[in-house]
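Source file: upload.csv; contents: CSV, C-alpha atoms.
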chain,number,residue,atom,x,y,z
A,4,MET,CA,-31.4,6.9,0.9
A,5,LEU,CA,-28.3,4.8,0.0
A,6,ASN,CA,-28.0,6.7,-3.4
A,7,ARG,CA,-28.3,10.0,-1.6
A,8,TRP,CA,-25.6,9.0,0.8
A,9,LEU,CA,-23.2,7.6,-1.8
A,10,PHE,CA,-23.5,10.6,-4.2
A,11,LYS,CA,-23.6,13.4,-1.7
A,12,GLU,CA,-20.8,15.8,-2.4
A,13,VAL,CA,-18.2,16.0,0.4
A,14,ASP,CA,-14.8,17.7,0.9
A,15,ASN,CA,-12.2,16.1,-1.3
A,16,SER,CA,-9.1,17.3,0.6
A,17,ALA,CA,-8.5,13.9,2.1
A,18,LEU,CA,-8.4,12.3,-1.3
A,19,VAL,CA,-6.0,14.9,-2.6
A,20,VAL,CA,-3.6,14.5,0.3
A,21,PHE,CA,-3.9,10.7,-0.1
A,22,ARG,CA,-3.0,11.0,-3.8
A,23,ALA,CA,0.1,13.1,-3.0
A,24,LEU,CA,1.3,10.8,-0.2
A,25,PHE,CA,0.5,7.7,-2.2
A,26,GLY,CA,2.5,9.1,-5.1
A,27,LEU,CA,5.4,9.9,-2.8
A,28,LEU,CA,5.4,6.3,-1.4
A,29,ILE,CA,5.2,4.6,-4.8
A,30,THR,CA,8.1,6.8,-5.9
A,31,ILE,CA,10.1,5.8,-2.9
A,32,GLU,CA,9.1,2.2,-3.5
A,33,ALA,CA,10.5,2.3,-7.1
A,34,PHE,CA,13.7,4.2,-6.6
A,35,GLY,CA,14.3,2.5,-3.2
A,36,ALA,CA,14.3,-0.9,-5.0
A,37,ILE,CA,17.1,0.4,-7.2
A,38,PHE,CA,19.3,1.9,-4.5
A,39,THR,CA,18.9,-0.8,-1.9
A,40,GLY,CA,19.9,-3.5,-4.4
A,41,TRP,CA,16.6,-5.3,-4.2
A,42,ILE,CA,16.2,-5.4,-8.0
A,43,ARG,CA,19.6,-6.8,-8.5
A,44,ARG,CA,19.1,-9.5,-5.8
A,45,THR,CA,15.5,-10.4,-6.9
A,46,MET,CA,15.4,-9.8,-10.7
A,47,ILE,CA,18.9,-9.7,-12.1
A,48,GLU,CA,21.1,-12.2,-10.2
A,49,PRO,CA,18.6,-15.2,-10.0
A,50,GLU,CA,18.9,-17.6,-12.9
A,51,PHE,CA,15.3,-18.6,-12.6
A,52,THR,CA,12.1,-16.7,-11.7
A,53,PHE,CA,8.9,-18.2,-10.3
A,54,ASN,CA,6.1,-16.7,-12.3
A,55,PHE,CA,2.4,-17.0,-11.3
A,56,ILE,CA,0.7,-19.7,-13.3
A,57,GLY,CA,-0.3,-18.4,-16.7
A,58,PHE,CA,2.2,-15.5,-16.7
A,59,GLU,CA,5.3,-17.4,-17.8
A,60,PHE,CA,5.8,-14.9,-20.6
A,61,LEU,CA,6.6,-12.2,-18.0
A,62,GLN,CA,10.4,-12.4,-17.6
A,63,PRO,CA,12.9,-9.8,-16.2
A,64,LEU,CA,14.5,-7.6,-18.9
A,65,PRO,CA,18.1,-8.5,-19.8
A,66,GLY,CA,21.1,-6.8,-18.4
A,67,ASN,CA,20.2,-3.7,-16.4
A,68,GLY,CA,16.8,-3.5,-18.0
A,69,MET,CA,14.9,-3.9,-14.8
A,70,ILE,CA,16.8,-1.0,-13.2
A,71,TRP,CA,15.5,1.3,-16.0
A,72,TYR,CA,12.1,-0.3,-15.7
A,73,TYR,CA,11.9,0.7,-12.1
A,74,ALA,CA,13.3,4.2,-12.8
A,75,ILE,CA,10.5,4.8,-15.3
A,76,MET,CA,8.0,3.6,-12.6
A,77,GLY,CA,9.6,6.1,-10.2
A,78,VAL,CA,9.0,8.9,-12.8
A,79,PHE,CA,5.3,7.9,-13.0
A,80,GLY,CA,5.2,8.0,-9.2
A,81,ILE,CA,6.4,11.6,-9.2
A,82,PHE,CA,3.8,12.4,-11.8
A,83,VAL,CA,1.0,10.9,-9.6
A,84,MET,CA,2.3,12.9,-6.5
A,85,LEU,CA,2.2,16.1,-8.5
A,86,GLY,CA,-1.0,15.3,-10.3
A,87,PHE,CA,0.6,15.6,-13.7
A,88,LYS,CA,-1.1,13.4,-16.4
A,89,TYR,CA,-2.6,11.7,-13.4
A,90,ARG,CA,-4.8,9.0,-14.8
A,91,MET,CA,-2.2,7.9,-17.4
A,92,SER,CA,0.6,7.9,-14.9
A,93,MET,CA,-1.5,5.9,-12.3
A,94,VAL,CA,-2.6,3.3,-14.9
A,95,LEU,CA,1.0,2.9,-16.3
A,96,TYR,CA,2.5,2.6,-12.8
A,97,GLY,CA,-0.2,0.0,-11.9
A,98,ILE,CA,0.4,-2.0,-15.1
A,99,MET,CA,4.2,-2.0,-14.6
A,100,TRP,CA,3.9,-2.9,-10.9
A,101,ALA,CA,1.5,-5.8,-11.8
A,102,GLY,CA,4.0,-7.1,-14.3
A,103,VAL,CA,6.7,-7.2,-11.6
A,104,TYR,CA,4.4,-8.7,-9.1
A,105,LEU,CA,3.4,-11.5,-11.5
A,106,MET,CA,6.9,-12.3,-12.7
A,107,GLN,CA,8.6,-13.2,-9.4
A,108,LYS,CA,6.4,-15.1,-7.0
A,109,SER,CA,9.3,-15.8,-4.6
A,110,SER,CA,9.2,-12.2,-3.5
A,111,TYR,CA,5.5,-12.3,-2.7
A,112,ASN,CA,4.2,-9.9,-0.1
A,113,ASN,CA,0.5,-9.2,0.6
A,114,HIS,CA,1.2,-5.5,0.6
A,115,TYR,CA,2.5,-5.8,-2.9
A,116,TYR,CA,-0.9,-7.2,-3.9
A,117,LEU,CA,-2.6,-4.3,-2.0
A,118,LEU,CA,-0.4,-1.8,-3.9
A,119,MET,CA,-1.6,-3.3,-7.2
A,120,LEU,CA,-5.2,-3.0,-6.1
A,121,LEU,CA,-4.8,0.6,-4.9
A,122,CYS,CA,-3.1,1.6,-8.2
A,123,PHE,CA,-6.0,0.5,-10.3
A,124,ILE,CA,-8.6,1.8,-7.8
A,125,MET,CA,-6.9,5.2,-7.7
A,126,SER,CA,-6.8,5.4,-11.5
A,127,PHE,CA,-10.6,5.7,-11.5
A,128,LEU,CA,-10.9,8.3,-8.7
A,129,PRO,CA,-10.9,12.1,-9.2
A,130,ALA,CA,-7.8,12.6,-7.1
A,131,HIS,CA,-6.2,15.2,-9.5
A,132,ARG,CA,-9.0,17.8,-9.4
A,133,TRP,CA,-7.3,20.0,-6.8
A,134,PHE,CA,-3.7,20.9,-5.8
A,135,SER,CA,-2.4,19.3,-9.0
A,136,ILE,CA,-0.6,20.3,-12.2
A,137,ASP,CA,-3.6,18.9,-14.1
A,138,ALA,CA,-6.0,21.3,-12.3
A,139,TRP,CA,-3.6,24.2,-12.8
A,140,ARG,CA,-3.3,23.5,-16.5
A,141,LYS,CA,-7.0,22.9,-16.9
A,142,PRO,CA,-8.9,25.1,-14.4
A,143,GLU,CA,-12.2,23.7,-15.6
A,144,ILE,CA,-11.6,20.4,-13.9
A,145,SER,CA,-10.8,22.0,-10.6
A,146,LYS,CA,-13.2,20.8,-7.9
A,147,ILE,CA,-13.1,20.9,-4.1
A,148,SER,CA,-15.6,18.2,-3.6
A,149,MET,CA,-16.2,14.6,-4.6
A,150,PRO,CA,-19.0,12.0,-4.3
A,151,ARG,CA,-19.0,10.2,-0.9
A,152,TRP,CA,-18.6,6.8,-2.7
A,153,VAL,CA,-15.0,7.8,-3.5
A,154,TRP,CA,-14.2,8.0,0.2
A,155,ALA,CA,-16.2,4.8,0.8
A,156,VAL,CA,-14.2,2.8,-1.8
A,157,ILE,CA,-10.9,3.6,-0.2
A,158,VAL,CA,-12.1,3.0,3.4
A,159,LEU,CA,-13.7,-0.3,2.4
A,160,GLN,CA,-10.6,-1.5,0.6
A,161,LEU,CA,-8.4,-0.8,3.7
A,162,TRP,CA,-11.0,-2.3,6.0
A,163,ILE,CA,-10.9,-5.5,4.0
A,164,VAL,CA,-7.1,-5.6,4.3
A,165,TYR,CA,-7.0,-5.1,8.0
A,166,THR,CA,-9.8,-7.4,8.7
A,167,TYR,CA,-8.2,-10.3,6.8
A,168,ALA,CA,-4.9,-9.5,8.5
A,169,SER,CA,-6.6,-10.1,11.8
A,170,VAL,CA,-8.5,-13.2,10.7
A,171,ALA,CA,-5.2,-14.7,9.3
A,172,LYS,CA,-3.7,-14.5,12.8
A,173,PHE,CA,-6.3,-16.8,14.3
A,174,TYR,CA,-4.2,-20.0,14.1
A,175,PRO,CA,-2.2,-21.8,16.8
A,176,ASP,CA,1.4,-20.7,15.9
A,177,TRP,CA,0.3,-17.1,16.1
A,178,LEU,CA,-1.9,-17.3,19.1
A,179,ASP,CA,0.8,-19.1,21.2
A,180,GLY,CA,3.4,-16.6,20.2
A,181,SER,CA,5.6,-19.0,18.2
A,182,PHE,CA,5.5,-17.1,14.9
A,183,PRO,CA,6.1,-13.6,16.5
A,184,ALA,CA,9.0,-15.2,18.5
A,185,MET,CA,10.5,-16.5,15.2
A,186,LEU,CA,10.2,-13.0,13.7
A,187,MET,CA,11.9,-11.4,16.7
A,188,ALA,CA,14.7,-14.0,16.7
A,189,SER,CA,15.8,-12.7,13.3
A,190,LYS,CA,16.3,-9.3,14.9
A,191,LYS,CA,18.5,-10.6,17.8
A,192,ASP,CA,21.6,-8.8,16.5
A,193,TYR,CA,19.9,-5.4,16.2
A,194,TRP,CA,21.7,-2.7,18.1
A,195,LEU,CA,20.3,-1.7,21.4
A,196,VAL,CA,16.9,-3.4,21.1
A,197,GLY,CA,18.0,-6.9,19.8
A,198,GLU,CA,18.1,-8.6,23.2
A,199,PHE,CA,15.0,-6.7,24.5
A,200,LEU,CA,12.9,-8.1,21.6
A,201,GLN,CA,13.7,-11.6,22.7
A,202,GLN,CA,11.8,-11.2,26.0
A,203,PRO,CA,8.8,-13.7,26.3
A,204,TRP,CA,6.3,-10.9,27.1
A,205,ILE,CA,7.3,-9.0,23.9
A,206,ARG,CA,6.1,-11.9,21.6
A,207,TYR,CA,2.8,-12.0,23.4
A,208,ALA,CA,2.4,-8.2,23.2
A,209,ILE,CA,3.0,-8.4,19.5
A,210,THR,CA,0.7,-11.4,19.2
A,211,TYR,CA,-2.4,-9.8,20.7
A,212,PHE,CA,-1.8,-6.2,20.0
A,213,GLY,CA,-1.3,-7.1,16.3
A,214,LEU,CA,-4.5,-9.1,16.2
A,215,LEU,CA,-6.6,-6.5,18.0
A,216,PHE,CA,-5.1,-3.6,16.1
A,217,ASP,CA,-5.9,-5.1,12.7
A,218,LEU,CA,-9.4,-6.0,13.8
A,219,LEU,CA,-10.3,-2.6,15.3
A,220,ILE,CA,-8.2,0.1,13.7
A,221,ILE,CA,-10.6,1.1,10.9
A,222,PRO,CA,-13.7,1.2,13.2
A,223,LEU,CA,-11.7,3.2,15.7
A,224,LEU,CA,-10.6,5.7,13.0
A,225,LEU,CA,-14.1,6.1,11.8
A,226,TRP,CA,-15.5,6.9,15.2
A,227,LYS,CA,-14.7,10.6,16.2
A,228,ARG,CA,-14.3,9.8,19.9
A,229,THR,CA,-11.5,7.3,19.3
A,230,ARG,CA,-10.0,8.8,16.1
A,231,LEU,CA,-7.1,10.6,17.6
A,232,MET,CA,-6.1,7.7,19.8
A,233,ALA,CA,-6.3,5.3,16.9
A,234,PHE,CA,-4.3,7.6,14.7
A,235,ILE,CA,-1.5,7.8,17.3
A,236,ALA,CA,-1.6,4.0,17.6
A,237,ALA,CA,-1.3,3.6,13.8
A,238,ILE,CA,1.6,6.0,13.7
Structure re-expressed in structure tokens:
Amino acid sequence: MLNRWLFKEVDNSALVVFRALFGLLITIEAFGAIFTGWIRRTMIEPEFTFNFIGFEFLQPLPGNGMIWYYAIMGVFGIFVMLGFKYRMSMVLYGIMWAGVYLMQKSSYNNHYYLLMLLCFIMSFLPAHRWFSIDAWRKPEISKISMPRWVWAVIVLQLWIVYTYASVAKFYPDWLDGSFPAMLMASKKDYWLVGEFLQQPWIRYAITYFGLLFDLLIIPLLLWKRTRLMAFIAAI
């Protein structure tokens, strides 16, 4: 029964849309790092980088090399979005992103790790078989269905992320609102909402809405009766 469920052919339109949006987001991530100055602040100006243990050989390229590095990543992101040379583009973006992730630990973000995982997962999925340049150039690969396990892999990965995000909040400094208060204090100078975000009830709303949202959002999205409500909450 499990095999029948996993290998049953289902509509692949969600995967195709996911590929296009994922490609758009990783393109923005790459070019955004250039235009916001993040690369210069994180990779070019520092005199020392904190590599992950065992990856000391990964060092930023000299001069403006990292800017060109990210520009190439952005091109691969565009290719993923358009479904052009999809697998090659997805693998190369994933390798380049992993290289950056491992060479500068001081800029760690758990979502950066998630992005690395998703790049390598997506490189194995048939996300280019519809609404893509690859499918247009090779009509024989066109397909409007996929095995259900493809859907299950992405859902499971995101479920793991959100569940761990919720579990990670079960510690005193989160539960008493201390950490959310510290986060909001850094936004005190924001126009219009800065003072509002300092209200005591705001920190507790963030504390418990964040904890419950991370724990429940995937189950609520999977259940048809709550899907619309959960989608609006996620947005």
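Closest to Phe216 in chain A among A:Tyr193, A:Tyr165, A:Asp176, A:Ile136 is A:Tyr165, based on all atoms listed in the file.
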### Query
Pick the closest to Arg151 in chain A from A:Leu214, A:Val13, A:Leu5, A:Leu118: which is it, counting all atoms listed in the file?
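Under the stated criterion, the closest residue is A:Val13.
Counting all atoms listed in the file, the residue from A:Phe173, A:Tyr72, A:Phe25, A:Thr166 that sits nearest to Leu121 in chain A is A:Phe25.
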- Message: Quick check, in Å to one decimal: how far apart do CA of Ile221 in chain A and CA of Leu161 in chain A lie?
- Response: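 Result for CA of Ile221 in chain A versus CA of Leu161 in chain A: 7.8 Å, one decimal.
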With all atoms listed in the file counted and 10 Å as the cut-off, give the residues of range 71-141 of chain A in contact with range 17-22 of chain A, each with its shortest interatomic distance in Å and the pair that gives it, as CSV.
residue,atom,partner,partner_atom,distance
A:Val83,CA,A:Arg22,CA,7.0
A:Met84,CA,A:Arg22,CA,6.2
A:Leu85,CA,A:Arg22,CA,8.7
A:Gly86,CA,A:Arg22,CA,8.0
A:Tyr89,CA,A:Arg22,CA,9.6
A:Met125,CA,A:Arg22,CA,8.0
A:Leu128,CA,A:Leu18,CA,8.8
A:Pro129,CA,A:Leu18,CA,8.3
A:Ala130,CA,A:Val19,CA,5.4
A:His131,CA,A:Val19,CA,6.9
A:Arg132,CA,A:Val19,CA,8.0
A:Trp133,CA,A:Val19,CA,6.7
A:Phe134,CA,A:Val19,CA,7.2
A:Ser135,CA,A:Val19,CA,8.6
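The space between CA of Glu50 in chain A and CA of Leu105 in chain A spans 16.7 Å.
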Checklist entry - So how many Å separate CA of Met106 in chain A and CA of Cys122 in chain A, to one decimal? => result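 Computed distance, CA of Met106 in chain A to CA of Cys122 in chain A, equals 17.7 Å.
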Counting all atoms listed in the file, the residue among A:Pro175, A:Pro222, A:Gly180, A:Pro49 that lies closest to Ser109 in chain A is A:Pro49
